[in-house]
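Peer 1: First, the structure itself, so that you have it in front of you.
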Amino acid sequence: KSKEKRRKKKAQEEKEKDVRAREAALLDADRAPETAAEFERLLVASPNSSYIWIKYMALHLNMTEIEKAREVSDRALKQINFREERERFNVWVARMNLEALYGSKDALMSVFEEACKVCDAKKMHLQLLAILEKGSEPQVTEQFFKTVTRKYRQSCKVWLRYCQYKLSAAHPEAASRTLDKAIAALPKRKHLKLISKFAMMEYKLGSAERGATLMEGVVSSYPKRIDLWSVFIDMQLKAGNLDGARGLLARAVTLKLRARQAKFFFKRWLELEKTHGTPETVADVKEKAREWVEENAS
């Protein structure tokens with residue numbers, strides 16, 4: 001079920017990418033539209049294209065015609081077919097960005113509330129968080145994070161965004177406290193995803209050492225999750241911890257593995273030694289691989 005869901009999501013993303021490429025080609029066929037009349041002609045052919053509507057809004061914003069940009073967004077939301085959920089969502093986000101930059105807080109919140117009535121409300125809350133993170137006062141953003149985590153208490157994605165916000169602001173202790181709150185709020189089945197993704201964020205935004213400590217706990221609790229071992233190895237390599245990566249690979253090949261999995265780990269270990277090791281360490285890995293094959297030949 002999960003695999004099919006990922007396949008459909010990837011297919012949808014590819015479709016959207018193709019649509020965007022065709023729209024960009026349409027805009028750039030000769031030159032980008034420079035007047036309202038040129039945009040109007042484009043919209044006759046592509047009335048459901050959020051890409052063109054948003055470019056049209058930008059035309060007015062560049063000329064400080066804020067009210068006209070608002071009018072364009074209102075027209076877009078009336079004309080884009082209600083089945084084109086992604087296109088309508090894009091326009092709502094553009095309008096929220098407009099109000100954040102040129103309007104008032106009340107105007108922004110009014111647009112946000114209207115958008116929540118007709119779009120995926122959780123996605124819209126996450127979009128507003130992104131807008132507030134970029135341009136609002138920290139107290140306002142913090143308060144809205146608290147509101148969103150109360151409203152979507154069992155959403156792993158929402159809690160991870162809150163953790164990311166804390167780590168990005170260089171508040172590791174607050175991020176750790178937020179992680180504890182998330183663990184208490186989320187069902188147990190989501191804990192593995194939460195902790196492993198938080199560990200990845202620690203590597204990128206906080207401390208590789210804290211990230212490694214978390215991932216060590218993860219692979220110890222779920223030793224059969226080969227994908228998590230692979231993620232942990234990747235993070236150690238990206239952090240420049242070659243000895244840490246070597247140690248993980250040496251442990252990984254002692255797990256109960258299928259031949260394909262063992263080949264994957266030995267290949268990565270061999271690549272590591274060829275790049276950063278010595279002829280002796282390369283030979284050692286090859287010997288261990290031969291021993292594994294002999295021991296598991298049956």
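Ligands are numbered from 1 in the order shown, residues from 1 within each chain, and chains are lettered A, B, ... in the order they appear in the structure tokens.
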Segment 234-239 of chain A: which residues within 10 Å, counting only C-alpha atoms, same-chain residues fewer than 4 positions away excluded, as a list in words?
Peer 2: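 Contacts, in chain order: Ala199, Met200, Tyr203, Lys204, Ser207, Ala208, Glu209, Gly211, Ala212, Met215, Leu228, Trp229, Ser230, Asp243, Gly244, Ala245, Arg246, Leu248 and Leu272 of chain A.
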Peer 1: Filtering to all heavy atoms, could you give me those residues as a compact mmCIF listing (two decimals), in the first residue's frame?
Peer 2:
# COMPACT_ATOMS: atom_id res chain seq x y z
N ALA A 199 17.00 13.11 13.97
CA ALA A 199 18.44 12.87 13.96
C ALA A 199 19.07 13.43 12.69
O ALA A 199 20.16 14.04 12.73
CB ALA A 199 18.72 11.37 14.06
N MET A 200 18.41 13.25 11.55
CA MET A 200 18.92 13.82 10.29
C MET A 200 19.01 15.33 10.37
O MET A 200 19.97 15.94 9.89
CB MET A 200 18.00 13.42 9.12
CG MET A 200 18.02 11.96 8.78
SD MET A 200 16.94 11.61 7.36
CE MET A 200 16.34 9.99 7.78
N TYR A 203 22.07 16.43 12.28
CA TYR A 203 23.27 16.41 11.44
C TYR A 203 23.38 17.67 10.58
O TYR A 203 24.45 18.24 10.43
CB TYR A 203 23.26 15.17 10.54
CG TYR A 203 23.91 13.95 11.13
CD1 TYR A 203 23.17 13.03 11.86
CD2 TYR A 203 25.27 13.72 10.97
CE1 TYR A 203 23.77 11.90 12.40
CE2 TYR A 203 25.88 12.59 11.51
CZ TYR A 203 25.12 11.68 12.23
OH TYR A 203 25.72 10.58 12.76
N LYS A 204 22.24 18.08 10.02
CA LYS A 204 22.25 19.22 9.08
C LYS A 204 22.27 20.57 9.78
O LYS A 204 22.94 21.50 9.34
CB LYS A 204 21.02 19.15 8.17
CG LYS A 204 21.04 18.00 7.19
CD LYS A 204 19.75 17.97 6.37
CE LYS A 204 19.73 16.78 5.42
NZ LYS A 204 18.45 16.67 4.68
N SER A 207 23.93 19.34 15.83
CA SER A 207 25.17 18.66 16.19
C SER A 207 25.19 17.25 15.61
O SER A 207 24.29 16.45 15.86
CB SER A 207 25.29 18.59 17.72
OG SER A 207 26.15 17.56 18.12
N ALA A 208 26.25 16.93 14.84
CA ALA A 208 26.40 15.59 14.29
C ALA A 208 26.54 14.57 15.42
O ALA A 208 26.06 13.43 15.30
CB ALA A 208 27.63 15.53 13.37
N GLU A 209 27.14 14.99 16.51
CA GLU A 209 27.31 14.07 17.65
C GLU A 209 25.96 13.71 18.26
O GLU A 209 25.69 12.54 18.55
CB GLU A 209 28.21 14.74 18.71
CG GLU A 209 28.55 13.81 19.86
CD GLU A 209 29.47 14.47 20.87
OE1 GLU A 209 30.07 15.51 20.55
OE2 GLU A 209 29.59 13.93 21.99
N GLY A 211 23.11 13.87 16.68
CA GLY A 211 22.44 13.08 15.66
C GLY A 211 22.88 11.63 15.68
O GLY A 211 22.06 10.71 15.57
N ALA A 212 24.18 11.41 15.84
CA ALA A 212 24.72 10.05 15.89
C ALA A 212 24.20 9.29 17.11
O ALA A 212 23.88 8.10 17.02
CB ALA A 212 26.24 10.09 15.90
N MET A 215 20.66 8.22 16.31
CA MET A 215 20.62 7.15 15.31
C MET A 215 21.16 5.84 15.88
O MET A 215 20.71 4.75 15.49
CB MET A 215 21.40 7.54 14.06
CG MET A 215 20.67 8.50 13.15
SD MET A 215 19.03 7.92 12.63
CE MET A 215 19.45 6.48 11.65
N LEU A 228 17.59 2.06 7.63
CA LEU A 228 18.05 2.99 8.66
C LEU A 228 19.56 2.91 8.86
O LEU A 228 20.21 3.92 9.11
CB LEU A 228 17.31 2.72 9.97
CG LEU A 228 15.79 2.97 9.92
CD1 LEU A 228 15.14 2.56 11.22
CD2 LEU A 228 15.51 4.45 9.63
N TRP A 229 20.10 1.71 8.75
CA TRP A 229 21.56 1.58 8.78
C TRP A 229 22.18 2.39 7.64
O TRP A 229 23.17 3.10 7.83
CB TRP A 229 21.97 0.11 8.64
CG TRP A 229 21.81 -0.70 9.88
CD1 TRP A 229 20.71 -1.41 10.26
CD2 TRP A 229 22.78 -0.89 10.92
NE1 TRP A 229 20.92 -2.03 11.47
CE2 TRP A 229 22.19 -1.74 11.90
CE3 TRP A 229 24.08 -0.44 11.11
CZ2 TRP A 229 22.86 -2.13 13.05
CZ3 TRP A 229 24.77 -0.83 12.26
CH2 TRP A 229 24.15 -1.66 13.22
N SER A 230 21.58 2.28 6.46
CA SER A 230 22.10 2.98 5.29
C SER A 230 22.05 4.50 5.49
O SER A 230 22.99 5.23 5.16
CB SER A 230 21.30 2.59 4.05
OG SER A 230 21.80 3.23 2.90
N ASP A 243 35.64 7.14 10.28
CA ASP A 243 35.76 6.01 11.21
C ASP A 243 34.39 5.57 11.70
O ASP A 243 34.13 4.37 11.86
CB ASP A 243 36.64 6.39 12.40
CG ASP A 243 38.12 6.49 12.01
OD1 ASP A 243 38.48 5.90 10.97
OD2 ASP A 243 38.88 7.16 12.73
N GLY A 244 33.50 6.54 11.92
CA GLY A 244 32.14 6.20 12.33
C GLY A 244 31.43 5.39 11.26
O GLY A 244 30.74 4.40 11.54
N ALA A 245 31.61 5.80 10.00
CA ALA A 245 30.99 5.09 8.88
C ALA A 245 31.59 3.68 8.75
O ALA A 245 30.87 2.71 8.51
CB ALA A 245 31.19 5.87 7.59
N ARG A 246 32.91 3.58 8.91
CA ARG A 246 33.56 2.26 8.84
C ARG A 246 33.00 1.33 9.92
O ARG A 246 32.71 0.16 9.67
CB ARG A 246 35.07 2.41 9.04
CG ARG A 246 35.84 2.92 7.86
CD ARG A 246 37.33 2.84 8.12
NE ARG A 246 38.09 3.26 6.96
CZ ARG A 246 38.63 4.48 6.82
NH1 ARG A 246 38.48 5.39 7.78
NH2 ARG A 246 39.32 4.78 5.74
N LEU A 248 30.12 1.41 11.39
CA LEU A 248 28.75 1.02 11.07
C LEU A 248 28.71 -0.05 9.99
O LEU A 248 27.94 -1.01 10.07
CB LEU A 248 27.94 2.24 10.63
CG LEU A 248 27.57 3.24 11.72
CD1 LEU A 248 26.96 4.48 11.11
CD2 LEU A 248 26.58 2.61 12.70
N LEU A 272 34.36 3.24 0.03
CA LEU A 272 34.93 4.10 1.08
C LEU A 272 36.43 3.88 1.21
O LEU A 272 37.21 4.84 1.25
CB LEU A 272 34.23 3.81 2.41
CG LEU A 272 34.82 4.47 3.66
CD1 LEU A 272 34.75 5.99 3.57
CD2 LEU A 272 34.10 3.99 4.92
Peer 1: At most 12 Å is the cut-off: for each residue in segment 99-203 of chain A with any atom that close to an atom of segment 70-79 of chain A, write down the nearest atom pair and the distance in Å rounded to one decimal, counting only C-alpha atoms, chain first then increasing number, as a Markdown table.
Peer 2:
| residue | atom | partner | partner_atom | distance |
| --- | --- | --- | --- | --- |
| A:Glu99 | CA | A:Arg70 | CA | 9.0 |
| A:Tyr102 | CA | A:Arg70 | CA | 10.5 |
| A:Gly103 | CA | A:Arg70 | CA | 10.3 |
| A:Ala107 | CA | A:Arg70 | CA | 11.4 |
| A:Val111 | CA | A:Asp74 | CA | 10.9 |
| A:Glu114 | CA | A:Leu77 | CA | 11.5 |
| A:Ala115 | CA | A:Leu77 | CA | 10.3 |
| A:Val118 | CA | A:Leu77 | CA | 10.6 |
| A:Cys119 | CA | A:Leu77 | CA | 11.6 |
Peer 1: Show me, as a ChimeraX atom specification, the residues that have an atom within 10 Å of Leu98 of chain A when counting only C-alpha atoms, minus same-chain residues fewer than 3 positions from it.
Peer 2: /A:57-58,61,66,69-70,73,92-95,101-104,107-108
Peer 1: Can you check which residues of segment 161-225 of chain A DSSP gives as helix (DSSP H, G or I) on the backbone and send them as a VMD selection string?
Peer 2: chain A and resid 161 to 168 172 to 185 188 to 205 208 to 221
Peer 1: Looking at A:Arg41, A:Arg161, A:Lys188, A:Lys68, which one is nearest to Thr141 of chain A, with distances taken over only C-alpha atoms?
Peer 2: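 Closest residue, counting only C-alpha atoms: A:Arg161.
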Peer 1: Excluding Ser49 of chain A and its own-chain neighbours fewer than 4 positions away, which residues fall within 8 Å of it when counting only C-alpha atoms? Please give them as a PyMOL selection string.
Peer 2: chain A and resi 23+43+53+80+87
Peer 1: I need the chosen residues saved as a short mmCIF file (atom, residue, chain, number, x, y, z; two decimals), in the first residue's frame, with N, CA, C and O atoms.
Peer 2:
data_model
loop_
_atom_site.label_atom_id
_atom_site.label_comp_id
_atom_site.auth_asym_id
_atom_site.auth_seq_id
_atom_site.Cartn_x
_atom_site.Cartn_y
_atom_site.Cartn_z
N GLU A 23 4.49 25.14 -19.40
CA GLU A 23 4.04 26.51 -19.14
C GLU A 23 5.20 27.49 -19.29
O GLU A 23 5.05 28.58 -19.83
N LEU A 43 -3.83 33.55 -20.82
CA LEU A 43 -4.81 32.92 -19.95
C LEU A 43 -6.03 32.41 -20.71
O LEU A 43 -6.73 31.53 -20.21
N TRP A 53 -1.01 32.74 -13.80
CA TRP A 53 -1.72 33.69 -12.93
C TRP A 53 -0.76 34.36 -11.94
O TRP A 53 -0.83 35.58 -11.71
N ILE A 80 -10.05 29.23 -12.12
CA ILE A 80 -9.40 27.91 -12.13
C ILE A 80 -10.42 26.86 -11.70
O ILE A 80 -11.08 27.01 -10.67
N GLU A 87 -3.46 23.71 -8.43
CA GLU A 87 -3.36 25.04 -9.04
C GLU A 87 -4.01 26.09 -8.14
O GLU A 87 -3.46 27.18 -7.95
#
